[in-house]
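Asker: My structure is below; once you've seen it, I'll send some questions.
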Amino acid sequence: MIDLSDIDFEAWVAFTFDHPVTDPAWYFGGKWEFSMPDAKTLAFCERLFRQPEFLLDQYPEEVLSQGFWFIPSAYGYLYTLRNMELEWTARESCILAMYSLFDRLFARNPLGDAAYMWWDSTFSFGGRLWGGISRRTRADRNRLRKTFLVVLRDILLTIDNRERQRSALHGLGHLAWVTRKLVGPIIDSYLLKAPDQDLSRFARICKVGYM
């Protein structure tokens, strides 16, 4: 187990990205299993999401893609989003910072399919958005979903980038399974902008939760 308790932000970035591209990726297999305080993990993720563009000059595309698959994976960092012992404002702020990640990095370089598939891993391992056993857990999952909806809405409606819009629609399609009444109006607003035929068709599919 690698102890990252005392790591600074720059060293954390290196731990996340400074690995050769391999198949399977470096983080599989247990060799890089780590421990790090959840509050620190969340703060570093938010900082990276808000100003990520320096990475484009620091690492090759393939390396960045691998890193951005790692961050939301079961082996990565975003499990901290479901830690209800952390302040809600800190978790909310990290989620909202994902808008900047898409606007300032993924809109410039989607890193293969890392941007498109971001929501699959985030919702599965970071958000666990599909309900919970206790009333407290269900309430927490509900506010997680609503915060993700804000980010996805803003990416879809304000970032003028076709592939980032497609990614946002993909994320909304996953959320439509549990909150279709909130997803529908967002996608309807997007359709009013008259996107191309392919995106219009995809948007209508995502609106009902079928990707």
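As shown in the structure tokens, the chain order sets the letters A, B, ...; within each chain, residues go from 1, and ligands are also counted from 1 in the order they appear.
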Applying 12 Å and only C-alpha atoms, which residues near Thr122 of chain A remain after dropping the ones on its own chain fewer than 4 positions away? List them as a PyMOL selection string.
Answerer: chain A and resi 68-82+95+98+114-118+126-129+144-145+148+171+174-175
Asker: Once DSSP has gone over the backbone, tell me which residues of segment 37-161 of chain A are in helix (DSSP H, G or I), as JSON, numbers by chain.
Answerer: {"A": [38, 39, 40, 41, 42, 43, 44, 45, 46, 47, 48, 49, 50, 54, 55, 56, 57, 58, 61, 62, 63, 64, 65, 66, 67, 68, 69, 70, 78, 79, 80, 81, 82, 88, 89, 90, 91, 92, 93, 94, 95, 96, 98, 99, 100, 101, 102, 103, 104, 105, 106, 118, 119, 120, 121, 122, 123, 124, 125, 126, 127, 135, 136, 137, 138, 139, 140, 141, 142, 143, 144, 145, 146, 147, 148, 149, 150, 151, 152, 153, 154, 155, 156, 157, 158]}
Asker: Choose the residue, out of A:Arg143, A:Arg162, A:Arg104, A:Arg153, that has the smallest atom-to-atom separation from Leu55 of chain A; count only C-alpha atoms.
Answerer: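 The closest residue to Leu55 of chain A is A:Arg104.
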Asker: Measuring between only C-alpha atoms, which one of A:Leu101, A:Ile2, A:Val21, A:Leu149 shows the shortest distance to Ala176 of chain A?
Answerer: A:Leu149
Asker: Can you pull out every residue within 9 Å of Asp103 of chain A, counting only C-alpha atoms, but drop anything in the same chain fewer than 6 positions away, and send it as a ChimeraX atom specification?
Answerer: /A:155,159,161,164
Asker: Can you work out which one of A:Cys94, A:Ala139, A:Leu48, A:Leu192 has the shortest atom-to-atom distance to Val151 of chain A, counting only C-alpha atoms?
Answerer: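 Closest to Val151 of chain A, using only C-alpha atoms: A:Cys94.
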Asker: When you count only C-alpha atoms, which of these residues is closest to Glu53 of chain A: A:Ala107, A:Ala168, A:Ala194, A:Val208?
Answerer: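 Result for the nearest residue to Glu53 of chain A: A:Ala107.
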Asker: If we count only C-alpha atoms, what is near Ala90 of chain A at a cut-off of 8 Å, once residues fewer than 3 positions away on the same chain are taken out, given as a PyMOL selection string?
Answerer: chain A and resi 42-43+86-87+93-94
Asker: May I ask which of the residues A:Trp32, A:Phe17, A:Phe54, A:Phe123 is the closest one to Arg108 of chain A, counting only C-alpha atoms?
Answerer: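 Residue with the minimum atom-to-atom distance to Arg108 of chain A: A:Phe54.
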Asker: Can you work out the spacing between atom CA of Pro52 of chain A and atom CA of Arg91 of chain A in Å, to one decimal?
Answerer: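 Taking atom CA of Pro52 of chain A and atom CA of Arg91 of chain A, their separation equals 18.3 Å.
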Asker: If you measure from atom CA of Glu62 of chain A to atom CA of His19 of chain A, what distance in Å do you get, rounded to one decimal?
Answerer: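 Value for the atom CA of Glu62 of chain A-atom CA of His19 of chain A distance: 10.4 Å.
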Asker: I'd like to know which of A:Ser189, A:Thr41, A:Arg47, A:Gln66 is closest to Trp26 of chain A, using only C-alpha atoms.
Answerer: A:Gln66
